[in-house]
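Engineer: I have a structure I would like to understand better, so I am pasting it below and will then ask my questions one at a time.
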Amino acid sequence: MSGTVVITIGNEYRQDDGAGLAVLRLLDARDLPADRLAHTDGEATRLLGLWQGRDLAVVVDTVHAHPGEPGRIHRLDLAGASLVQGGANTHGLGLGEAVELSRVLDLLPERLVVVGIEGEHFDWGEGLSPAVAAAVPRAAELVREVCRTRARGDRAAR
Amino acid sequence: MTHRSHRLLSVRSLARVEGEGAMHIRVRDGEVESVKLSIYEPPRFFEALLRGRRYDEPVDITARICGICPVAYQMTACQAVEDACGVTVDGQLAALRRLLYCGEWIESHTLHIYLLHAPDFLGLPDALSLARTDRALVERGLRLKQAGNQIMEVLGGRAVHPVNVRLGGFHRLPEAAELDRLARLLRTARRDAEETVAWTATLDFPDLHVRHALLALRAADSYPLDGGVPTLHGALPDAPALTSFPVGEFERHVVEAQVPHSTALQASADGLRHLTGPLARWRTAADRLPVELRDLGAAAGLGEVCDNPFRSIVIRAIEVLWAVREAQRLLEAYEPPPRPAVPVPPRAGVGHAATEAPRGLLYHRYELAADGTVVTADIVPPTAQNQAAIEADLREFVQQRLHLDDAELTRQCEQAIRNYDPCISCATHFLDLTVERG
């Protein structure tokens, strides 16, 4: 397996945790140089299964920051051995553990980029906070840019 | 040994469970005074959210209650709404639903066995340490879990929060090539599942014997999964079934009540503190397993009744093997149905359904208006039913281990809680540990 996978994480019925799915809805597989678009709840082994063997994995997740600024976008470029701490999921093993477990088992993609959108509200319910909703198109564009940069790099290499 | 007259053990955020909650144990003058499992995750109000929705929406919305067992919610919601509409889905469509549910059992149980619970038995802090210590073991777990994952992807459209399930069946039927690929994966999965059972049998099990009523479904000719008759057993090892009742009478027997320390409701069955899940299924339906699997259980130390929650990991392993075999059987017998779904026209009525989620019996009830609008919804998840039993077990567990220092006692309590594979987010209704020693 090789190529690019875009993975969004979150629960659309938990307010700003739905930002990842909102980003996915703006992405069009036809003009995105990615082999697979996938949405998950962020459980570690599912992430691992999606990104193992890939050249590039782009992960979009809602994050907390301290101090926070809802809607602020973070880009974390993990080249192999770095550890990222988990996002906003409520599972026993999350994104941070997925990265570490993949590292221990040699299952990390060649390159892993995490696009984190700072959320504000995570209670039960639908709908994004205004600042988070405004960040969704920018996050989608960042995903496109990361994928296209990779695709241009592949063509240049050929 | 502590010289203090008061101790308070507190875990503010339990690790390696699904969702967010806490535990508080207060000890005074050498006696456990109180044990409280607190669910502080925001209440989700799913039942309220479902009111006013179209009757075909609960199948997708309730799947978001839990990332680990969405299929249980989907299958139960489908059956309950279809019951209200007077429709029964059978034949190969029911077989495909059962295959999907097998995928979830394999995936969910394997996640719990290998990544959440195994580190406890091996004296390791987490799955990462386990991967560094025994890479092959974790790789086997991931391989087995991936088989369940693939079943969910093929049947459900994706592995989490499946999108291919609908009232009456599916949006799209699987293609022959996809099912062939699953059959090949399951051959390896069967070997991995057999090795998992053998491995769990070698673990050390702390001594703990519980006395609760046990509630599980009993099916006519199978180990319980997607249906059956709710059957309640008493606490004594050789007690006959106290009662069996139609699913439609579930709320007359299982009664929920609010407790002050938790946003989750607690439940009792016919006035008894009860437990659902692997111990209950084993008590209620081990005789429905193929004899080879019962023999594996016996060889692993399981009697006709298992009252040690630590041994539930063995039952889960046997259930994974059963689910793999059942999935193989369903695939071998599969013939494509004429259409992906049967019509489910709306009508006014009330529908009920119960299935066996990996963590235990899950019940849904929907009341529909004539146009299919959901008037009321009621969801009784397994963890909420189990919460009082878990608290009672911890009380006895801690009482026997008061000589331990706070750190070790806390560690053992967390392991004991993970015996039940609690799903706090589906309970909405669960864990931080606080032990006060007085």
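Ordered as shown in the structure tokens, chains take letters A, B, and onward, while each chain numbers its residues from 1 and ligands are numbered from 1 in the order shown.
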For Leu142 in chain B, list every protein, DNA or RNA residue within 12 Å, evaluated using only C-alpha atoms, and leave out those in the same chain fewer than 2 positions away; present the list as a PyMOL selection string.
Structural biologist: (chain A and resi 44-49+101-102+105+107) or (chain B and resi 106-115+127+131+135-140+144-150+189+192-193+196)
Engineer: Using DSSP on the backbone coordinates, identify all residues within range 87-133 of chain A classified as strand (DSSP E); present the result as a PyMOL selection string.
Structural biologist: chain A and resi 111-118
Engineer: Kindly determine which residues of chain A lie within 8 Å of chain B, considering only C-alpha atoms, and give the answer as a JSON list (two decimals) with N, CA and C atoms, in the first residue's frame.
Structural biologist:
[["chain", "number", "residue", "atom", "x", "y", "z"],
["A", 11, "ASN", "N", -17.09, 13.44, 16.16],
["A", 11, "ASN", "CA", -18.49, 13.02, 16.31],
["A", 11, "ASN", "C", -19.37, 14.23, 16.02],
["A", 13, "TYR", "N", -22.34, 14.71, 16.39],
["A", 13, "TYR", "CA", -23.37, 14.97, 17.39],
["A", 13, "TYR", "C", -22.78, 15.47, 18.70],
["A", 39, "HIS", "N", -13.45, 8.78, 7.52],
["A", 39, "HIS", "CA", -13.83, 9.45, 8.76],
["A", 39, "HIS", "C", -13.87, 8.42, 9.88],
["A", 40, "THR", "N", -13.31, 8.73, 11.06],
["A", 40, "THR", "CA", -13.32, 7.80, 12.19],
["A", 40, "THR", "C", -13.60, 8.56, 13.48],
["A", 41, "ASP", "N", -13.74, 7.77, 14.56],
["A", 41, "ASP", "CA", -13.92, 8.37, 15.88],
["A", 41, "ASP", "C", -12.58, 8.60, 16.56],
["A", 43, "GLU", "N", -10.31, 6.23, 17.34],
["A", 43, "GLU", "CA", -9.79, 5.07, 18.09],
["A", 43, "GLU", "C", -8.47, 4.64, 17.46],
["A", 45, "THR", "N", -6.43, 2.00, 16.99],
["A", 45, "THR", "CA", -6.11, 0.94, 16.03],
["A", 45, "THR", "C", -6.78, 1.18, 14.68],
["A", 46, "ARG", "N", -7.87, 1.92, 14.67],
["A", 46, "ARG", "CA", -8.48, 2.24, 13.38],
["A", 46, "ARG", "C", -7.61, 3.24, 12.62],
["A", 49, "GLY", "N", -4.69, 1.32, 11.25],
["A", 49, "GLY", "CA", -5.06, 0.54, 10.08],
["A", 49, "GLY", "C", -5.20, 1.39, 8.83],
["A", 90, "THR", "N", -12.92, 10.62, 23.24],
["A", 90, "THR", "CA", -13.12, 10.15, 24.61],
["A", 90, "THR", "C", -12.76, 8.68, 24.74],
["A", 91, "HIS", "N", -11.94, 8.15, 23.85],
["A", 91, "HIS", "CA", -11.67, 6.72, 23.85],
["A", 91, "HIS", "C", -10.46, 6.35, 24.69],
["A", 92, "GLY", "N", -10.35, 5.07, 25.02],
["A", 92, "GLY", "CA", -9.24, 4.61, 25.85],
["A", 92, "GLY", "C", -7.91, 4.88, 25.19],
["A", 93, "LEU", "N", -7.83, 4.76, 23.90],
["A", 93, "LEU", "CA", -6.60, 5.02, 23.17],
["A", 93, "LEU", "C", -6.93, 5.99, 22.05],
["A", 97, "GLU", "N", -1.72, 7.96, 21.28],
["A", 97, "GLU", "CA", -1.35, 6.56, 21.43],
["A", 97, "GLU", "C", -1.21, 5.88, 20.08],
["A", 100, "GLU", "N", 2.22, 6.66, 18.78],
["A", 100, "GLU", "CA", 3.27, 5.94, 19.51],
["A", 100, "GLU", "C", 3.22, 4.43, 19.22],
["A", 101, "LEU", "N", 1.99, 3.88, 19.20],
["A", 101, "LEU", "CA", 1.86, 2.45, 18.93],
["A", 101, "LEU", "C", 2.37, 2.14, 17.51],
["A", 104, "VAL", "N", 6.18, 2.14, 17.61],
["A", 104, "VAL", "CA", 6.74, 0.93, 18.21],
["A", 104, "VAL", "C", 6.64, -0.26, 17.26],
["A", 105, "LEU", "N", 5.55, -0.31, 16.49],
["A", 105, "LEU", "CA", 5.32, -1.46, 15.61],
["A", 105, "LEU", "C", 5.76, -1.18, 14.17],
["A", 123, "ASP", "N", -20.28, 19.68, 24.16],
["A", 123, "ASP", "CA", -21.42, 19.01, 24.76],
["A", 123, "ASP", "C", -22.22, 18.29, 23.68],
["A", 124, "TRP", "N", -23.23, 17.55, 24.13],
["A", 124, "TRP", "CA", -24.09, 16.84, 23.20],
["A", 124, "TRP", "C", -24.86, 17.82, 22.34],
["A", 125, "GLY", "N", -24.92, 17.56, 21.05],
["A", 125, "GLY", "CA", -25.71, 18.40, 20.17],
["A", 125, "GLY", "C", -25.03, 18.60, 18.83]]
Engineer: Go ahead and compute the interatomic distance for CA of Phe245 in chain B and CA of Leu321 in chain B, in Å to one decimal.
Structural biologist: 29.0 Å
Engineer: Can you list, as an NGL selection string, all residues belonging to range 270-358 of chain B that DSSP tags as alpha helix (DSSP H)?
Structural biologist: :B and (278-285 or 291-299 or 312-332)
Engineer: What would the file look like if the residues just selected were written as a short mmCIF file (atom, residue, chain, number, x, y, z; two decimals), in the first residue's frame with N, CA, C and O atoms?
Structural biologist:
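Output saved as again-v3.cif:
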data_model
loop_
_atom_site.label_atom_id
_atom_site.label_comp_id
_atom_site.auth_asym_id
_atom_site.auth_seq_id
_atom_site.Cartn_x
_atom_site.Cartn_y
_atom_site.Cartn_z
N PRO B 278 -20.53 -10.54 29.57
CA PRO B 278 -19.99 -11.89 29.38
C PRO B 278 -20.40 -12.89 30.46
O PRO B 278 -20.77 -14.03 30.14
N LEU B 279 -20.33 -12.50 31.76
CA LEU B 279 -20.69 -13.44 32.82
C LEU B 279 -22.16 -13.84 32.68
O LEU B 279 -22.52 -15.01 32.87
N ALA B 280 -23.00 -12.89 32.35
CA ALA B 280 -24.44 -13.17 32.20
C ALA B 280 -24.70 -14.04 30.98
O ALA B 280 -25.52 -14.97 31.02
N ARG B 281 -24.03 -13.74 29.88
CA ARG B 281 -24.24 -14.55 28.67
C ARG B 281 -23.78 -15.98 28.90
O ARG B 281 -24.43 -16.94 28.47
N TRP B 282 -22.61 -16.13 29.60
CA TRP B 282 -22.09 -17.47 29.86
C TRP B 282 -23.08 -18.25 30.72
O TRP B 282 -23.37 -19.42 30.45
N ARG B 283 -23.63 -17.59 31.76
CA ARG B 283 -24.58 -18.25 32.65
C ARG B 283 -25.86 -18.66 31.91
O ARG B 283 -26.45 -19.70 32.13
N THR B 284 -26.26 -17.79 31.02
CA THR B 284 -27.57 -17.96 30.37
C THR B 284 -27.51 -18.87 29.15
O THR B 284 -28.48 -19.56 28.85
N ALA B 285 -26.36 -18.89 28.48
CA ALA B 285 -26.37 -19.51 27.16
C ALA B 285 -25.12 -20.29 26.79
O ALA B 285 -24.94 -20.62 25.61
N VAL B 291 -19.89 -27.57 21.34
CA VAL B 291 -19.27 -28.29 22.44
C VAL B 291 -17.78 -28.03 22.53
O VAL B 291 -17.20 -27.96 23.63
N GLU B 292 -17.12 -27.82 21.39
CA GLU B 292 -15.67 -27.57 21.43
C GLU B 292 -15.37 -26.27 22.17
O GLU B 292 -14.36 -26.16 22.87
N LEU B 293 -16.24 -25.28 22.00
CA LEU B 293 -15.99 -24.00 22.67
C LEU B 293 -16.29 -24.11 24.17
O LEU B 293 -15.60 -23.51 24.99
N ARG B 294 -17.32 -24.88 24.50
CA ARG B 294 -17.58 -25.11 25.93
C ARG B 294 -16.39 -25.82 26.56
O ARG B 294 -15.98 -25.53 27.68
N ASP B 295 -15.83 -26.78 25.83
CA ASP B 295 -14.67 -27.51 26.33
C ASP B 295 -13.47 -26.59 26.52
O ASP B 295 -12.71 -26.73 27.49
N LEU B 296 -13.30 -25.64 25.59
CA LEU B 296 -12.21 -24.67 25.75
C LEU B 296 -12.42 -23.86 27.02
O LEU B 296 -11.48 -23.57 27.76
N GLY B 297 -13.67 -23.51 27.28
CA GLY B 297 -13.97 -22.76 28.50
C GLY B 297 -13.66 -23.60 29.73
O GLY B 297 -13.07 -23.10 30.70
N ALA B 298 -14.07 -24.85 29.71
CA ALA B 298 -13.80 -25.73 30.86
C ALA B 298 -12.31 -25.87 31.08
O ALA B 298 -11.81 -25.81 32.22
N ALA B 299 -11.56 -26.03 29.99
CA ALA B 299 -10.10 -26.18 30.10
C ALA B 299 -9.47 -24.90 30.64
O ALA B 299 -8.41 -24.94 31.28
N SER B 312 -13.75 -12.85 33.00
CA SER B 312 -14.56 -12.43 31.84
C SER B 312 -13.70 -12.27 30.60
O SER B 312 -14.19 -12.38 29.48
N ILE B 313 -12.39 -12.05 30.77
CA ILE B 313 -11.50 -11.93 29.60
C ILE B 313 -11.45 -13.25 28.84
O ILE B 313 -11.34 -13.26 27.60
N VAL B 314 -11.59 -14.38 29.57
CA VAL B 314 -11.61 -15.69 28.91
C VAL B 314 -12.92 -15.85 28.12
O VAL B 314 -12.93 -16.32 26.98
N ILE B 315 -14.02 -15.44 28.74
CA ILE B 315 -15.31 -15.53 28.05
C ILE B 315 -15.29 -14.66 26.81
O ILE B 315 -15.75 -15.07 25.74
N ARG B 316 -14.74 -13.44 26.92
CA ARG B 316 -14.65 -12.58 25.74
C ARG B 316 -13.86 -13.25 24.63
O ARG B 316 -14.23 -13.17 23.45
N ALA B 317 -12.76 -13.92 25.00
CA ALA B 317 -11.93 -14.58 23.99
C ALA B 317 -12.72 -15.70 23.31
O ALA B 317 -12.64 -15.88 22.08
N ILE B 318 -13.48 -16.45 24.10
CA ILE B 318 -14.31 -17.51 23.53
C ILE B 318 -15.39 -16.89 22.64
O ILE B 318 -15.71 -17.42 21.56
N GLU B 319 -15.93 -15.78 23.06
CA GLU B 319 -16.95 -15.11 22.24
C GLU B 319 -16.37 -14.59 20.93
O GLU B 319 -17.08 -14.56 19.91
N VAL B 320 -15.12 -14.16 20.95
CA VAL B 320 -14.47 -13.74 19.70
C VAL B 320 -14.36 -14.94 18.76
O VAL B 320 -14.70 -14.85 17.57
N LEU B 321 -13.91 -16.07 19.31
CA LEU B 321 -13.77 -17.26 18.48
C LEU B 321 -15.13 -17.69 17.94
O LEU B 321 -15.27 -18.06 16.77
N TRP B 322 -16.15 -17.62 18.80
CA TRP B 322 -17.50 -17.98 18.34
C TRP B 322 -17.94 -17.04 17.23
O TRP B 322 -18.51 -17.48 16.21
N ALA B 323 -17.70 -15.74 17.39
CA ALA B 323 -18.12 -14.77 16.38
C ALA B 323 -17.40 -15.00 15.05
O ALA B 323 -18.00 -14.85 13.99
N VAL B 324 -16.11 -15.37 15.12
CA VAL B 324 -15.37 -15.67 13.88
C VAL B 324 -15.99 -16.87 13.19
O VAL B 324 -16.24 -16.85 11.97
N ARG B 325 -16.28 -17.91 13.97
CA ARG B 325 -16.87 -19.12 13.39
C ARG B 325 -18.27 -18.84 12.84
O ARG B 325 -18.66 -19.36 11.78
N GLU B 326 -19.03 -18.03 13.58
CA GLU B 326 -20.38 -17.69 13.12
C GLU B 326 -20.31 -16.88 11.83
O GLU B 326 -21.11 -17.11 10.90
N ALA B 327 -19.35 -15.97 11.75
CA ALA B 327 -19.18 -15.18 10.53
C ALA B 327 -18.82 -16.09 9.36
O ALA B 327 -19.33 -15.91 8.24
N GLN B 328 -17.97 -17.06 9.62
CA GLN B 328 -17.62 -18.02 8.55
C GLN B 328 -18.84 -18.80 8.09
O GLN B 328 -19.06 -19.01 6.90
N ARG B 329 -19.65 -19.23 9.06
CA ARG B 329 -20.86 -19.99 8.72
C ARG B 329 -21.82 -19.15 7.87
O ARG B 329 -22.36 -19.62 6.87
N LEU B 330 -22.00 -17.90 8.28
CA LEU B 330 -22.90 -17.01 7.55
C LEU B 330 -22.41 -16.77 6.13
O LEU B 330 -23.21 -16.74 5.18
N LEU B 331 -21.09 -16.60 5.98
CA LEU B 331 -20.53 -16.37 4.65
C LEU B 331 -20.70 -17.59 3.75
O LEU B 331 -21.02 -17.48 2.57
N GLU B 332 -20.49 -18.78 4.35
CA GLU B 332 -20.62 -20.01 3.55
C GLU B 332 -22.06 -20.21 3.08
O GLU B 332 -22.30 -20.74 1.99
#
